[in-house]
$ cat structure08.csv   # CSV, C-alpha atoms and all ligand atoms
chain,number,residue,atom,x,y,z
A,227,MET,CA,6.4,29.3,-27.2
A,228,HIS,CA,2.8,29.5,-26.6
A,229,GLY,CA,0.6,32.2,-28.0
A,230,GLY,CA,-2.6,33.9,-27.1
A,231,GLU,CA,-3.6,36.3,-24.3
A,232,ASP,CA,-4.1,33.8,-21.6
A,233,ARG,CA,-1.1,31.8,-22.6
A,234,ASN,CA,1.2,34.7,-21.9
A,235,VAL,CA,0.1,34.9,-18.4
A,236,GLY,CA,2.0,31.8,-17.4
A,237,ASN,CA,5.2,32.2,-19.3
A,238,ALA,CA,5.4,35.9,-19.2
A,239,GLY,CA,4.1,35.9,-15.7
A,240,VAL,CA,7.1,33.9,-14.6
A,241,TRP,CA,9.7,35.4,-16.8
A,242,ASN,CA,8.5,39.0,-16.3
A,243,VAL,CA,9.9,38.7,-12.8
A,244,GLU,CA,13.3,39.0,-14.4
A,245,GLY,CA,12.2,40.9,-17.4
A,246,GLU,CA,12.8,38.2,-20.0
A,247,GLU,CA,9.5,37.8,-21.7
A,248,ASN,CA,11.1,37.7,-25.1
A,249,MET,CA,13.4,34.8,-24.2
A,250,GLU,CA,14.6,32.7,-27.1
A,251,SER,CA,13.3,29.2,-27.2
A,252,ASN,CA,16.7,27.8,-28.1
A,253,LEU,CA,18.4,26.7,-24.9
A,254,MET,CA,21.9,28.0,-25.6
A,255,GLU,CA,20.5,31.4,-26.7
A,256,ALA,CA,18.5,31.6,-23.6
A,257,LEU,CA,21.4,30.6,-21.4
A,258,LYS,CA,23.6,33.1,-23.2
A,259,ALA,CA,21.0,35.8,-22.4
A,260,ARG,CA,21.4,34.9,-18.7
A,261,GLY,CA,25.2,35.1,-18.9
A,262,ILE,CA,25.8,31.3,-18.9
A,263,SER,CA,28.5,30.3,-21.2
A,264,ARG,CA,28.7,27.0,-23.1
A,265,ARG,CA,31.6,25.9,-20.8
A,266,GLU,CA,29.4,26.5,-17.8
A,267,PHE,CA,26.5,24.6,-19.5
A,268,LEU,CA,28.9,21.6,-20.0
A,269,ARG,CA,30.0,21.9,-16.4
A,270,PHE,CA,26.3,21.6,-15.5
A,271,CYS,CA,26.0,18.5,-17.7
A,272,GLY,CA,29.1,17.0,-16.0
A,273,LEU,CA,27.5,17.6,-12.6
A,274,MET,CA,24.3,15.9,-13.8
A,275,ALA,CA,26.2,13.0,-15.2
A,276,GLY,CA,28.1,12.6,-12.0
A,277,THR,CA,25.0,12.8,-9.8
A,278,LEU,CA,23.2,10.3,-12.0
A,279,ALA,CA,26.3,8.0,-11.8
A,280,LEU,CA,26.6,8.0,-15.6
A,281,PRO,CA,30.0,7.6,-17.3
A,282,ALA,CA,31.9,10.7,-18.3
A,283,GLY,CA,31.2,9.9,-21.9
A,284,SER,CA,27.5,10.7,-21.4
A,285,ILE,CA,28.2,14.4,-20.8
A,286,GLY,CA,28.2,15.2,-24.5
A,287,GLN,CA,25.1,13.0,-25.0
A,288,ILE,CA,23.3,14.9,-22.3
A,289,ALA,CA,24.3,18.3,-23.7
A,290,LYS,CA,23.2,17.4,-27.2
A,291,ALA,CA,19.9,16.0,-26.0
A,292,LEU,CA,19.1,19.0,-23.9
A,293,GLU,CA,19.9,21.4,-26.7
A,294,ALA,CA,17.7,19.6,-29.1
A,295,ARG,CA,14.8,19.1,-26.8
A,296,ARG,CA,11.5,21.1,-27.0
A,297,ARG,CA,11.0,22.8,-23.6
A,298,PRO,CA,8.2,21.0,-21.9
A,299,VAL,CA,5.8,22.8,-19.8
A,300,LEU,CA,6.1,22.6,-16.0
A,301,VAL,CA,3.5,23.5,-13.4
A,302,TRP,CA,4.5,23.7,-9.8
A,303,LEU,CA,1.7,23.2,-7.2
A,304,GLU,CA,2.2,24.5,-3.7
A,305,PHE,CA,0.1,23.4,-0.8
A,306,GLN,CA,0.8,22.9,2.9
A,307,ASP,CA,4.5,23.9,3.0
A,308,CYS,CA,7.1,26.5,3.9
A,309,ALA,CA,8.2,27.0,0.3
A,310,GLY,CA,11.6,25.6,1.3
A,311,ASN,CA,11.8,23.4,-1.8
A,312,SER,CA,11.1,26.3,-4.1
A,313,GLU,CA,13.8,28.2,-2.3
A,314,SER,CA,16.1,25.2,-2.6
A,315,MET,CA,15.5,25.0,-6.3
A,316,LEU,CA,15.6,28.6,-7.2
A,317,ARG,CA,18.4,29.7,-4.9
A,318,SER,CA,20.6,26.7,-5.6
A,319,GLY,CA,24.2,27.6,-4.8
A,320,HIS,CA,25.6,26.0,-7.9
A,321,PRO,CA,25.8,29.0,-10.3
A,322,THR,CA,24.1,27.2,-13.2
A,323,VAL,CA,21.7,24.7,-11.7
A,324,ALA,CA,18.8,27.1,-11.3
A,325,ASP,CA,19.6,29.0,-14.5
A,326,VAL,CA,19.7,25.8,-16.6
A,327,VAL,CA,16.7,24.2,-15.1
A,328,LEU,CA,14.7,27.4,-15.4
A,329,ASN,CA,15.6,27.5,-19.1
A,330,LEU,CA,15.1,23.8,-19.9
A,331,LEU,CA,11.5,24.0,-19.0
A,332,SER,CA,8.6,26.4,-19.7
A,333,TRP,CA,7.5,27.3,-16.2
A,334,GLU,CA,3.9,28.2,-16.8
A,335,TYR,CA,2.5,28.1,-13.2
A,336,HIS,CA,4.4,28.6,-10.0
A,337,GLU,CA,2.6,30.7,-7.4
A,338,LEU,CA,5.7,31.9,-5.7
A,339,ILE,CA,7.4,33.4,-8.8
A,340,MET,CA,4.7,34.0,-11.3
A,341,ALA,CA,3.5,37.6,-11.7
A,342,GLY,CA,0.0,36.5,-12.8
A,343,ALA,CA,-2.5,36.1,-9.9
A,344,GLY,CA,-6.2,35.2,-9.2
A,345,THR,CA,-8.4,34.0,-12.0
A,346,ARG,CA,-5.9,34.7,-14.7
A,347,ALA,CA,-3.3,32.5,-13.0
A,348,GLU,CA,-5.8,29.7,-12.4
A,349,ALA,CA,-6.8,29.9,-16.1
A,350,VAL,CA,-3.2,29.2,-17.1
A,351,LEU,CA,-3.3,26.0,-15.0
A,352,LYS,CA,-6.5,24.9,-16.6
A,353,ARG,CA,-5.2,25.6,-20.0
A,354,VAL,CA,-2.0,23.6,-19.4
A,355,VAL,CA,-4.1,20.6,-18.2
A,356,GLU,CA,-6.3,20.7,-21.3
A,357,GLU,CA,-3.8,21.6,-24.0
A,358,GLU,CA,-0.6,19.9,-22.7
A,359,LYS,CA,-2.4,16.7,-21.5
A,360,GLY,CA,0.1,13.9,-21.1
A,361,LYS,CA,3.0,16.2,-22.0
A,362,PHE,CA,3.6,18.5,-19.0
A,363,ILE,CA,5.6,18.0,-15.8
A,364,ALA,CA,3.7,18.5,-12.5
A,365,VAL,CA,5.8,19.2,-9.4
A,366,VAL,CA,4.0,19.1,-6.0
A,367,GLU,CA,5.4,20.9,-3.0
A,368,GLY,CA,3.7,20.5,0.4
A,369,ALA,CA,1.3,18.1,2.0
A,370,ILE,CA,-2.3,17.6,1.1
A,371,PRO,CA,-4.8,18.1,4.0
A,372,THR,CA,-7.8,15.9,4.0
A,373,GLY,CA,-9.4,17.0,7.3
A,374,ALA,CA,-12.5,19.3,7.2
A,375,ASP,CA,-13.1,18.4,3.5
A,376,GLY,CA,-9.7,19.9,2.6
A,377,ALA,CA,-10.6,23.3,4.0
A,378,TYR,CA,-7.1,23.7,5.6
A,379,CYS,CA,-5.6,24.5,2.2
A,380,THR,CA,-7.6,26.0,-0.7
A,381,ILE,CA,-6.6,27.9,-3.7
A,382,GLY,CA,-9.2,29.8,-5.8
A,383,GLY,CA,-11.9,28.2,-3.7
A,384,ARG,CA,-10.7,24.6,-4.5
A,385,SER,CA,-9.0,22.2,-2.1
A,386,ALA,CA,-5.5,21.0,-2.6
A,387,LEU,CA,-6.9,17.5,-3.1
A,388,ASP,CA,-9.3,18.7,-5.8
A,389,ILE,CA,-6.5,20.4,-7.6
A,390,ILE,CA,-4.0,17.6,-7.6
A,391,ARG,CA,-6.7,15.1,-8.7
A,392,GLU,CA,-7.4,17.3,-11.7
A,393,VAL,CA,-3.8,18.2,-12.6
A,394,CYS,CA,-1.5,15.2,-11.8
A,395,PRO,CA,-3.3,12.3,-13.6
A,396,ASN,CA,-3.0,14.5,-16.8
A,397,ALA,CA,0.7,15.1,-16.4
A,398,ALA,CA,3.5,13.1,-18.2
A,399,ILE,CA,5.2,12.8,-14.8
A,400,THR,CA,4.4,14.0,-11.3
A,401,VAL,CA,7.2,14.7,-8.9
A,402,ALA,CA,6.7,15.2,-5.2
A,403,MET,CA,9.5,17.5,-4.1
A,404,GLY,CA,10.4,17.5,-0.5
A,405,SER,CA,9.3,15.6,2.6
A,406,CYS,CA,5.8,17.2,2.9
A,407,ALA,CA,4.9,16.4,-0.7
A,408,TRP,CA,6.3,12.9,-0.4
A,409,ASP,CA,4.9,11.5,2.8
A,410,GLY,CA,3.2,14.5,4.5
A,411,GLY,CA,6.4,15.6,6.2
A,412,PHE,CA,6.3,17.9,9.2
A,413,VAL,CA,2.7,18.8,8.5
A,414,ARG,CA,1.6,15.2,8.8
A,415,SER,CA,3.7,14.4,11.9
A,416,ALA,CA,1.8,13.5,15.1
A,417,PRO,CA,-0.8,14.7,16.0
A,418,ASN,CA,-1.5,15.7,12.4
A,419,PRO,CA,-4.3,18.1,13.1
A,420,THR,CA,-5.2,18.7,9.4
A,421,LYS,CA,-5.1,15.0,8.5
A,422,ALA,CA,-2.4,15.7,6.0
A,423,ILE,CA,-1.1,13.1,3.6
A,424,GLY,CA,1.5,12.8,0.9
A,425,THR,CA,1.0,13.1,-2.9
A,426,SER,CA,1.0,9.4,-3.8
A,427,GLU,CA,-1.3,8.6,-1.0
A,428,ALA,CA,-3.7,11.2,-2.2
A,429,LEU,CA,-3.4,9.9,-5.8
A,430,PRO,CA,-3.8,6.1,-5.8
A,431,GLY,CA,-2.9,4.7,-9.2
A,432,VAL,CA,-0.9,7.8,-10.3
A,433,ARG,CA,2.9,7.1,-10.4
A,434,VAL,CA,4.7,9.8,-8.4
A,435,VAL,CA,8.4,10.2,-8.2
A,436,ASN,CA,9.4,11.1,-4.7
A,437,MET,CA,12.2,13.5,-4.0
A,438,GLY,CA,12.8,13.2,-0.3
A,439,GLY,CA,14.6,15.7,1.8
A,440,CYS,CA,13.6,18.7,3.9
A,441,PRO,CA,14.2,20.4,1.6
A,442,ALA,CA,15.1,18.2,-1.3
A,443,ASN,CA,18.5,18.9,-2.8
A,444,ALA,CA,18.2,21.0,-6.0
A,445,VAL,CA,21.0,19.1,-7.7
A,446,ASN,CA,19.1,15.9,-7.3
A,447,MET,CA,15.9,17.5,-8.7
A,448,ALA,CA,17.9,18.9,-11.6
A,449,ALA,CA,19.4,15.5,-12.2
A,450,LEU,CA,16.0,13.9,-12.3
A,451,LEU,CA,14.6,16.5,-14.7
A,452,THR,CA,17.8,16.2,-16.8
A,453,HIS,CA,17.5,12.5,-17.1
A,454,TYR,CA,13.9,12.8,-18.1
A,455,LEU,CA,14.6,15.4,-20.7
A,456,ALA,CA,17.8,13.8,-22.1
A,457,PHE,CA,16.7,10.2,-22.1
A,458,ASN,CA,12.9,10.4,-22.2
A,459,SER,CA,12.7,8.3,-19.1
A,460,ILE,CA,12.8,8.5,-15.4
A,461,PRO,CA,15.9,7.0,-13.7
A,462,GLU,CA,15.6,3.8,-11.7
A,463,LEU,CA,13.6,4.2,-8.5
A,464,ASP,CA,13.7,2.4,-5.1
A,465,ALA,CA,10.9,0.9,-3.1
A,466,TYR,CA,9.7,4.4,-2.1
A,467,ASN,CA,9.8,5.6,-5.7
A,468,ARG,CA,12.8,7.7,-4.9
A,469,PRO,CA,15.6,7.9,-7.5
A,470,LEU,CA,18.1,5.2,-6.8
A,471,PHE,CA,21.0,7.5,-7.8
A,472,ALA,CA,20.3,9.6,-4.6
A,473,HIS,CA,19.4,6.7,-2.3
A,474,ALA,CA,21.7,3.8,-3.2
A,475,ASN,CA,24.0,4.2,-0.2
A,476,LEU,CA,23.8,4.8,3.5
A,477,ILE,CA,25.0,8.2,4.5
A,478,HIS,CA,27.2,6.5,7.1
A,479,ASP,CA,29.0,4.6,4.3
A,480,GLN,CA,29.9,7.8,2.4
A,481,CYS,CA,30.6,10.0,5.4
A,482,GLU,CA,33.9,11.8,5.8
A,483,LYS,CA,33.8,11.2,9.6
A,484,ARG,CA,33.5,7.4,9.1
A,485,ALA,CA,37.2,6.8,10.0
A,486,ASN,CA,36.5,8.4,13.4
A,487,TYR,CA,33.5,6.2,13.9
A,488,ASP,CA,35.5,3.1,13.0
A,489,ALA,CA,38.3,4.2,15.4
A,490,GLY,CA,35.8,5.0,18.2
A,491,ARG,CA,36.4,8.8,18.2
A,492,PHE,CA,33.1,10.5,19.1
A,493,VAL,CA,31.7,13.9,20.0
A,494,GLU,CA,30.3,13.4,23.5
A,495,GLU,CA,29.1,16.9,24.1
A,496,TRP,CA,28.4,19.9,21.8
A,497,GLY,CA,31.5,22.0,21.7
A,498,ASP,CA,33.9,19.5,23.3
A,499,GLU,CA,37.3,18.7,22.0
A,500,GLY,CA,36.0,15.9,19.8
A,501,HIS,CA,33.5,18.3,18.2
A,502,VAL,CA,36.3,20.8,17.5
A,503,LYS,CA,38.4,18.0,16.0
A,504,GLY,CA,35.6,16.9,13.8
A,505,TYR,CA,34.9,13.5,15.4
A,506,CYS,CA,31.9,11.3,14.6
A,507,LEU,CA,28.5,12.6,15.7
A,508,TYR,CA,26.9,9.2,16.4
A,509,HIS,CA,26.7,9.7,20.1
A,510,MET,CA,25.0,13.0,19.5
A,511,GLY,CA,22.2,11.3,17.7
A,512,CYS,CA,23.4,11.2,14.1
A,513,LYS,CA,21.1,9.0,12.0
A,514,GLY,CA,23.6,8.5,9.2
A,515,PRO,CA,23.8,4.8,9.8
A,516,GLU,CA,20.1,4.4,9.1
A,517,ALA,CA,19.6,6.9,6.3
A,518,THR,CA,20.2,6.7,2.6
A,519,TYR,CA,20.9,9.9,0.6
A,520,ASN,CA,23.8,11.3,-1.4
A,521,CYS,CA,24.3,14.4,0.8
A,522,PRO,CA,28.0,13.6,1.4
A,523,THR,CA,28.7,13.7,-2.3
A,524,VAL,CA,26.2,16.2,-3.7
A,525,ARG,CA,26.3,18.5,-0.7
A,526,TRP,CA,24.7,21.9,-0.4
A,527,ASN,CA,25.6,25.6,-0.9
A,528,ASP,CA,27.5,25.2,-4.2
A,529,GLN,CA,28.7,21.7,-3.0
A,530,THR,CA,30.7,23.2,-0.2
A,531,SER,CA,29.2,21.5,2.8
A,532,TRP,CA,26.5,19.3,4.3
A,533,PRO,CA,25.0,19.0,7.8
A,534,VAL,CA,27.5,16.5,9.2
A,535,LYS,CA,30.5,18.4,7.8
A,536,ALA,CA,29.1,21.5,9.4
A,537,GLY,CA,29.1,19.7,12.8
A,538,HIS,CA,25.5,18.6,13.2
A,539,GLY,CA,24.3,15.0,13.0
A,540,CYS,CA,22.1,13.8,10.1
A,541,ILE,CA,18.4,13.7,11.1
A,542,ALA,CA,17.6,11.5,8.1
A,543,CYS,CA,15.5,14.2,6.5
A,544,ALA,CA,15.2,12.2,3.2
A,545,SER,CA,13.9,9.1,4.9
A,546,TYR,CA,10.2,8.0,5.1
A,547,ARG,CA,8.3,10.0,7.8
A,548,PHE,CA,11.4,11.0,9.5
A,549,TRP,CA,9.7,13.5,11.8
A,550,ASP,CA,8.0,10.7,13.6
A,551,LYS,CA,10.3,7.8,13.0
A,552,MET,CA,13.7,9.4,13.5
A,553,SER,CA,13.0,11.6,16.5
A,554,PRO,CA,14.2,12.4,19.1
A,555,PHE,CA,16.9,13.7,16.8
A,556,TYR,CA,19.5,14.1,19.5
A,557,LYS,CA,19.3,10.6,20.9
A,558,ARG,CA,21.5,7.7,19.8
A,559,LEU,CA,20.0,5.1,17.5
A,560,PRO,CA,18.5,2.1,19.2
A,561,SER,CA,20.6,-1.0,19.4
A,562,VAL,CA,21.5,-2.8,16.3
A,563,PRO,CA,20.3,-6.4,16.6
A,564,GLY,CA,23.1,-8.7,17.6
A,565,PHE,CA,25.5,-6.0,18.6
A,566,GLY,CA,24.7,-3.0,20.9
A,567,ALA,CA,24.4,0.2,19.0
A,568,ASP,CA,27.3,1.4,21.3
A,569,VAL,CA,29.5,-1.3,19.9
A,570,THR,CA,31.2,0.3,17.0
A,571,ALA,CA,33.0,-1.3,14.2
A,572,GLY,CA,36.1,0.1,15.9
A,573,ASN,CA,35.4,-1.6,19.2
A,574,ILE,CA,34.7,-4.8,17.4
A,575,GLY,CA,37.8,-4.4,15.4
A,576,ALA,CA,39.9,-3.9,18.5
A,577,ALA,CA,38.5,-7.0,20.2
A,578,PHE,CA,39.0,-9.1,17.2
A,579,LEU,CA,42.5,-7.8,16.3
A,580,GLY,CA,44.0,-9.5,19.3
A,581,ALA,CA,42.4,-12.9,18.7
A,582,VAL,CA,41.7,-13.2,15.0
A,583,ALA,CA,43.9,-12.9,12.1
A,584,GLY,CA,43.8,-9.2,11.1
A,585,ALA,CA,42.4,-7.4,8.2
A,586,THR,CA,40.3,-10.1,6.6
A,587,ALA,CA,38.4,-10.9,9.7
A,588,LEU,CA,38.0,-7.2,10.5
A,589,HIS,CA,36.6,-6.6,7.1
A,590,ALA,CA,34.2,-9.5,7.5
A,591,VAL,CA,33.0,-8.2,10.8
A,592,GLY,CA,32.7,-4.7,9.5
A,593,SER,CA,30.6,-6.0,6.6
A,594,ALA,CA,28.4,-8.0,8.9
A,595,VAL,CA,27.9,-4.9,11.1
A,596,ARG,CA,27.0,-2.8,8.0
A,597,ARG,CA,24.6,-5.5,6.8
A,598,ARG,CA,22.9,-5.5,10.2
A,599,VAL,CA,22.8,-1.8,10.3
A,600,ARG,CA,21.4,-1.6,6.8
A,601,ALA,CA,18.9,-4.3,7.6
A,602,GLY,CA,17.8,-2.3,10.7
A,603,ALA,CA,17.6,0.8,8.6
A,604,ASP,CA,15.5,-0.9,5.9
A,605,ALA,CA,13.1,-2.4,8.5
A,606,ARG,CA,12.8,0.9,10.3
A,607,THR,CA,12.0,3.0,7.3
A,608,LYS,CA,10.0,0.4,5.3
A,609,PRO,CA,6.9,1.8,3.8
A,610,ALA,CA,4.3,1.7,6.6
A,611,LYS,CA,1.3,-0.6,6.1
A,612,LYS,CA,-0.7,1.4,8.5
A,613,ASP,CA,-0.9,5.1,8.8
A,614,GLU,CA,0.6,5.1,12.3
A,615,PRO,CA,4.1,6.3,13.2
A,616,ARG,CA,6.5,3.8,14.5
A,617,GLU,CA,6.7,3.6,18.2
A,618,LYS,CA,9.5,5.5,19.6
A,619,GLU,CA,12.5,3.3,20.6
A,620,GLU,CA,14.5,4.3,23.6
A,701,LIG,FE1,29.2,10.2,9.8
A,701,LIG,FE2,27.1,10.1,11.4
A,701,LIG,FE3,28.1,7.9,10.5
A,701,LIG,FE4,29.4,9.3,12.3
A,701,LIG,S1,27.4,8.3,12.6
A,701,LIG,S2,30.3,8.4,10.5
A,701,LIG,S3,28.9,11.4,11.7
A,701,LIG,S4,27.2,9.4,9.3
A,702,LIG,FE1,19.1,15.7,5.5
A,702,LIG,FE2,20.9,14.1,6.7
A,702,LIG,FE3,21.5,15.3,4.5
A,702,LIG,S1,19.5,15.6,7.7
A,702,LIG,S2,20.3,17.2,4.5
A,702,LIG,S3,19.9,13.7,4.7
A,702,LIG,S4,22.9,15.0,6.2
$ encode --input "structure08.csv" --output "structure tokens"
Amino acid sequence: MHGGEDRNVGNAGVWNVEGEENMESNLMEALKARGISRREFLRFCGLMAGTLALPAGSIGQIAKALEARRRPVLVWLEFQDCAGNSESMLRSGHPTVADVVLNLLSWEYHELIMAGAGTRAEAVLKRVVEEEKGKFIAVVEGAIPTGADGAYCTIGGRSALDIIREVCPNAAITVAMGSCAWDGGFVRSAPNPTKAIGTSEALPGVRVVNMGGCPANAVNMAALLTHYLAFNSIPELDAYNRPLFAHANLIHDQCEKRANYDAGRFVEEWGDEGHVKGYCLYHMGCKGPEATYNCPTVRWNDQTSWPVKAGHGCIACASYRFWDKMSPFYKRLPSVPGFGADVTAGNIGAAFLGAVAGATALHAVGSAVRRRVRAGADARTKPAKKDEPREKEE
């Protein structure tokens, strides 16, 4: 725990919200005080191990490491945003995700939940940067406006750009949570009146872990933080610096409606019989074949559902600059090279079944389609060389 008058503003500021300023530093004691049993804590560790694709044997290792770990300081910077990622994190449906994450870290600065305000709050941020240099975790939520010298978003008279330039290079790790912090998100979408950009673009040379999603899934964020705390390292990242555990597979390849896609059963109109029966949403614009994310397995709302299960196509909200590159959201994907986008694996399968020897060929064709779809997805969402959105494809 930190001492001193100013120091209490951060910690006590946050925790006073729930009246827990005397919280024990020991993790299990703190969780107990919040009504979280050891069994629930181990369930949380199991969820984290599963999300990180670690073997079941690692659950005990994670639990032990988290219990022994000093609570590092976290500062959460909020700029051009809707606070959706804070909401996603703090209101996570899983009963223990928010509780455990709140207790694993010493949340010293978070405008949305801290009681301290004004110069006292800003003094906390300054102190963390000076005294916790190289040790604290910085989370950025929201885009960074660069137009009008940053005047579109200022805090305490300083622009968002000034603040992240001071805070993030001094952090142990910087995490951009959500689409706006990652690539500028909705704020940056055309015509981008405030000239907003994402965190890593604003901080050349600073390594930023990008948690895509609009909002990012709290379970993934918890898994990232758990990995960092338990193993002292960040998990493997992809070309966009997103955690591979969340982006290794296409949504389409994990989707529970995939059998309908393969069999050519599609929703053709909202509310039609196919919609009622839970058919594939590809004809309604679903971007699952082009998007990677672990939505189908991690899900939302206490792991009960996700957009496609709820009957809406995926709009690829965890993909690079999806607002510009994946809209219009209700139009079918453009043609996959070599096969028309309308030619489904099911259609291909049906054509081949009559002429070619069964399952082996079908599997080979299916794999070829998937490779082509994936190649198309990779090309479409490759990090842009220029700052321009991809041209809309009809
Ligand atoms: Fe699922 Fe969408 Fe793929 Fe259909 S197109 S199987 S709804 S991800
Ligand atoms: Fe986003 Fe698609 Fe999941 S829209 S929440 S990645 S299903």
$ closest_atom_pairs --input "structure08.csv" --of "chain A" --to "ligand LIG 701 (chain A)" --cutoff "7 Å" --atoms "all atoms listed in the file" --output "CSV"
residue,atom,partner,partner_atom,distance
A:Ile477,CA,A:LIG701,S4,5.4
A:His478,CA,A:LIG701,S4,3.6
A:Cys481,CA,A:LIG701,FE1,4.6
A:Glu482,CA,A:LIG701,FE1,6.4
A:Lys483,CA,A:LIG701,S2,4.6
A:Arg484,CA,A:LIG701,S2,3.6
A:Asn486,CA,A:LIG701,S2,6.8
A:Tyr487,CA,A:LIG701,S2,5.2
A:Cys506,CA,A:LIG701,FE4,3.9
A:Leu507,CA,A:LIG701,S3,4.2
A:Tyr508,CA,A:LIG701,S1,3.9
A:Cys512,CA,A:LIG701,FE2,4.7
A:Lys513,CA,A:LIG701,FE2,6.1
A:Gly514,CA,A:LIG701,S4,3.7
A:Pro515,CA,A:LIG701,FE3,5.3
A:Val534,CA,A:LIG701,S3,5.8
A:Gly539,CA,A:LIG701,FE2,5.9
A:Cys540,CA,A:LIG701,FE2,6.4
$ residues_near_ligand --input "structure08.csv" --ligand "ligand LIG 702 (chain A)" --cutoff "10 Å" --atoms "only C-alpha atoms and all ligand atoms" --output "PDB file with C-alpha atoms, in the frame of the given file"
ATOM      1  CA  GLY A 438      12.800  13.200  -0.300  1.00  0.00           C
ATOM      2  CA  GLY A 439      14.600  15.700   1.800  1.00  0.00           C
ATOM      3  CA  CYS A 440      13.600  18.700   3.900  1.00  0.00           C
ATOM      4  CA  PRO A 441      14.200  20.400   1.600  1.00  0.00           C
ATOM      5  CA  ALA A 442      15.100  18.200  -1.300  1.00  0.00           C
ATOM      6  CA  ASN A 443      18.500  18.900  -2.800  1.00  0.00           C
ATOM      7  CA  HIS A 473      19.400   6.700  -2.300  1.00  0.00           C
ATOM      8  CA  LEU A 476      23.800   4.800   3.500  1.00  0.00           C
ATOM      9  CA  ILE A 477      25.000   8.200   4.500  1.00  0.00           C
ATOM     10  CA  HIS A 478      27.200   6.500   7.100  1.00  0.00           C
ATOM     11  CA  CYS A 481      30.600  10.000   5.400  1.00  0.00           C
ATOM     12  CA  CYS A 512      23.400  11.200  14.100  1.00  0.00           C
ATOM     13  CA  LYS A 513      21.100   9.000  12.000  1.00  0.00           C
ATOM     14  CA  GLY A 514      23.600   8.500   9.200  1.00  0.00           C
ATOM     15  CA  ALA A 517      19.600   6.900   6.300  1.00  0.00           C
ATOM     16  CA  THR A 518      20.200   6.700   2.600  1.00  0.00           C
ATOM     17  CA  TYR A 519      20.900   9.900   0.600  1.00  0.00           C
ATOM     18  CA  ASN A 520      23.800  11.300  -1.400  1.00  0.00           C
ATOM     19  CA  CYS A 521      24.300  14.400   0.800  1.00  0.00           C
ATOM     20  CA  PRO A 522      28.000  13.600   1.400  1.00  0.00           C
ATOM     21  CA  VAL A 524      26.200  16.200  -3.700  1.00  0.00           C
ATOM     22  CA  ARG A 525      26.300  18.500  -0.700  1.00  0.00           C
ATOM     23  CA  TRP A 526      24.700  21.900  -0.400  1.00  0.00           C
ATOM     24  CA  SER A 531      29.200  21.500   2.800  1.00  0.00           C
ATOM     25  CA  TRP A 532      26.500  19.300   4.300  1.00  0.00           C
ATOM     26  CA  PRO A 533      25.000  19.000   7.800  1.00  0.00           C
ATOM     27  CA  VAL A 534      27.500  16.500   9.200  1.00  0.00           C
ATOM     28  CA  LYS A 535      30.500  18.400   7.800  1.00  0.00           C
ATOM     29  CA  ALA A 536      29.100  21.500   9.400  1.00  0.00           C
ATOM     30  CA  HIS A 538      25.500  18.600  13.200  1.00  0.00           C
ATOM     31  CA  GLY A 539      24.300  15.000  13.000  1.00  0.00           C
ATOM     32  CA  CYS A 540      22.100  13.800  10.100  1.00  0.00           C
ATOM     33  CA  ILE A 541      18.400  13.700  11.100  1.00  0.00           C
ATOM     34  CA  ALA A 542      17.600  11.500   8.100  1.00  0.00           C
ATOM     35  CA  CYS A 543      15.500  14.200   6.500  1.00  0.00           C
ATOM     36  CA  ALA A 544      15.200  12.200   3.200  1.00  0.00           C
ATOM     37  CA  SER A 545      13.900   9.100   4.900  1.00  0.00           C
ATOM     38  CA  PHE A 548      11.400  11.000   9.500  1.00  0.00           C
ATOM     39  CA  PHE A 555      16.900  13.700  16.800  1.00  0.00           C
TER      40      PHE A 555
END
$ atom_distance --input "structure08.csv" --atom1 "atom CA of A:Leu328" --atom2 "atom CA of A:Ala256"
10.0 Å
$ atom_distance --input "structure08.csv" --atom1 "atom CA of A:Thr372" --atom2 "atom CA of A:Lys421"
5.3 Å
$ closest_residue --input "structure08.csv" --among "A:Asn467, A:Leu338, A:Val354, A:Asn446" --to "A:Glu313" --atoms "only C-alpha atoms"
A:Leu338
$ closest_residue --input "structure08.csv" --among "A:Leu429, A:Asp479, A:Leu253, A:Leu351" --to "A:Arg295" --atoms "all atoms listed in the file"
A:Leu253
$ atom_distance --input "structure08.csv" --atom1 "atom CA of A:Gly382" --atom2 "atom CA of A:Thr345"
7.5 Å
$ residues_around --input "structure08.csv" --residues "A:Ala275" --least-positions-apart "5" --cutoff "9 Å" --atoms "all atoms listed in the file" --output "PyMOL selection string"
chain A and resi 270+280-285+288+449+453
$ closest_residue --input "structure08.csv" --among "A:Val393, A:Asn252, A:Gly497, A:Ser318" --to "A:Ala294" --atoms "all atoms listed in the file"
A:Asn252
$ closest_residue --input "structure08.csv" --among "A:Ser426, A:Thr530, A:Thr523, A:Thr452" --to "A:Asn475" --atoms "all atoms listed in the file"
A:Thr523
$ residues_near_point --input "structure08.csv" --point "(5.6, 20.9, -2.1)" --cutoff "10 Å" --atoms "only C-alpha atoms" --output "PyMOL selection string"
chain A and resi 302-312+365-370+401-408+410-411+424-425+441-442
$ closest_residue --input "structure08.csv" --among "A:Ala398, A:Ile381, A:Val432, A:Leu257" --to "A:Gly344" --atoms "only C-alpha atoms"
A:Ile381
$ residues_near_point --input "structure08.csv" --point "(6.1, 30.8, -9.3)" --cutoff "9 Å" --atoms "all atoms listed in the file" --output "ChimeraX atom specification"
/A:239-240,301-302,312,333-341
$ write_last_selection --input "structure08.csv" --atoms "C-alpha atoms" --output "compact mmCIF listing (two decimals), in the frame of the given file"
# COMPACT_ATOMS: atom_id res chain seq x y z
CA GLY A 239 4.10 35.90 -15.70
CA VAL A 240 7.10 33.90 -14.60
CA VAL A 301 3.50 23.50 -13.40
CA TRP A 302 4.50 23.70 -9.80
CA SER A 312 11.10 26.30 -4.10
CA TRP A 333 7.50 27.30 -16.20
CA GLU A 334 3.90 28.20 -16.80
CA TYR A 335 2.50 28.10 -13.20
CA HIS A 336 4.40 28.60 -10.00
CA GLU A 337 2.60 30.70 -7.40
CA LEU A 338 5.70 31.90 -5.70
CA ILE A 339 7.40 33.40 -8.80
CA MET A 340 4.70 34.00 -11.30
CA ALA A 341 3.50 37.60 -11.70
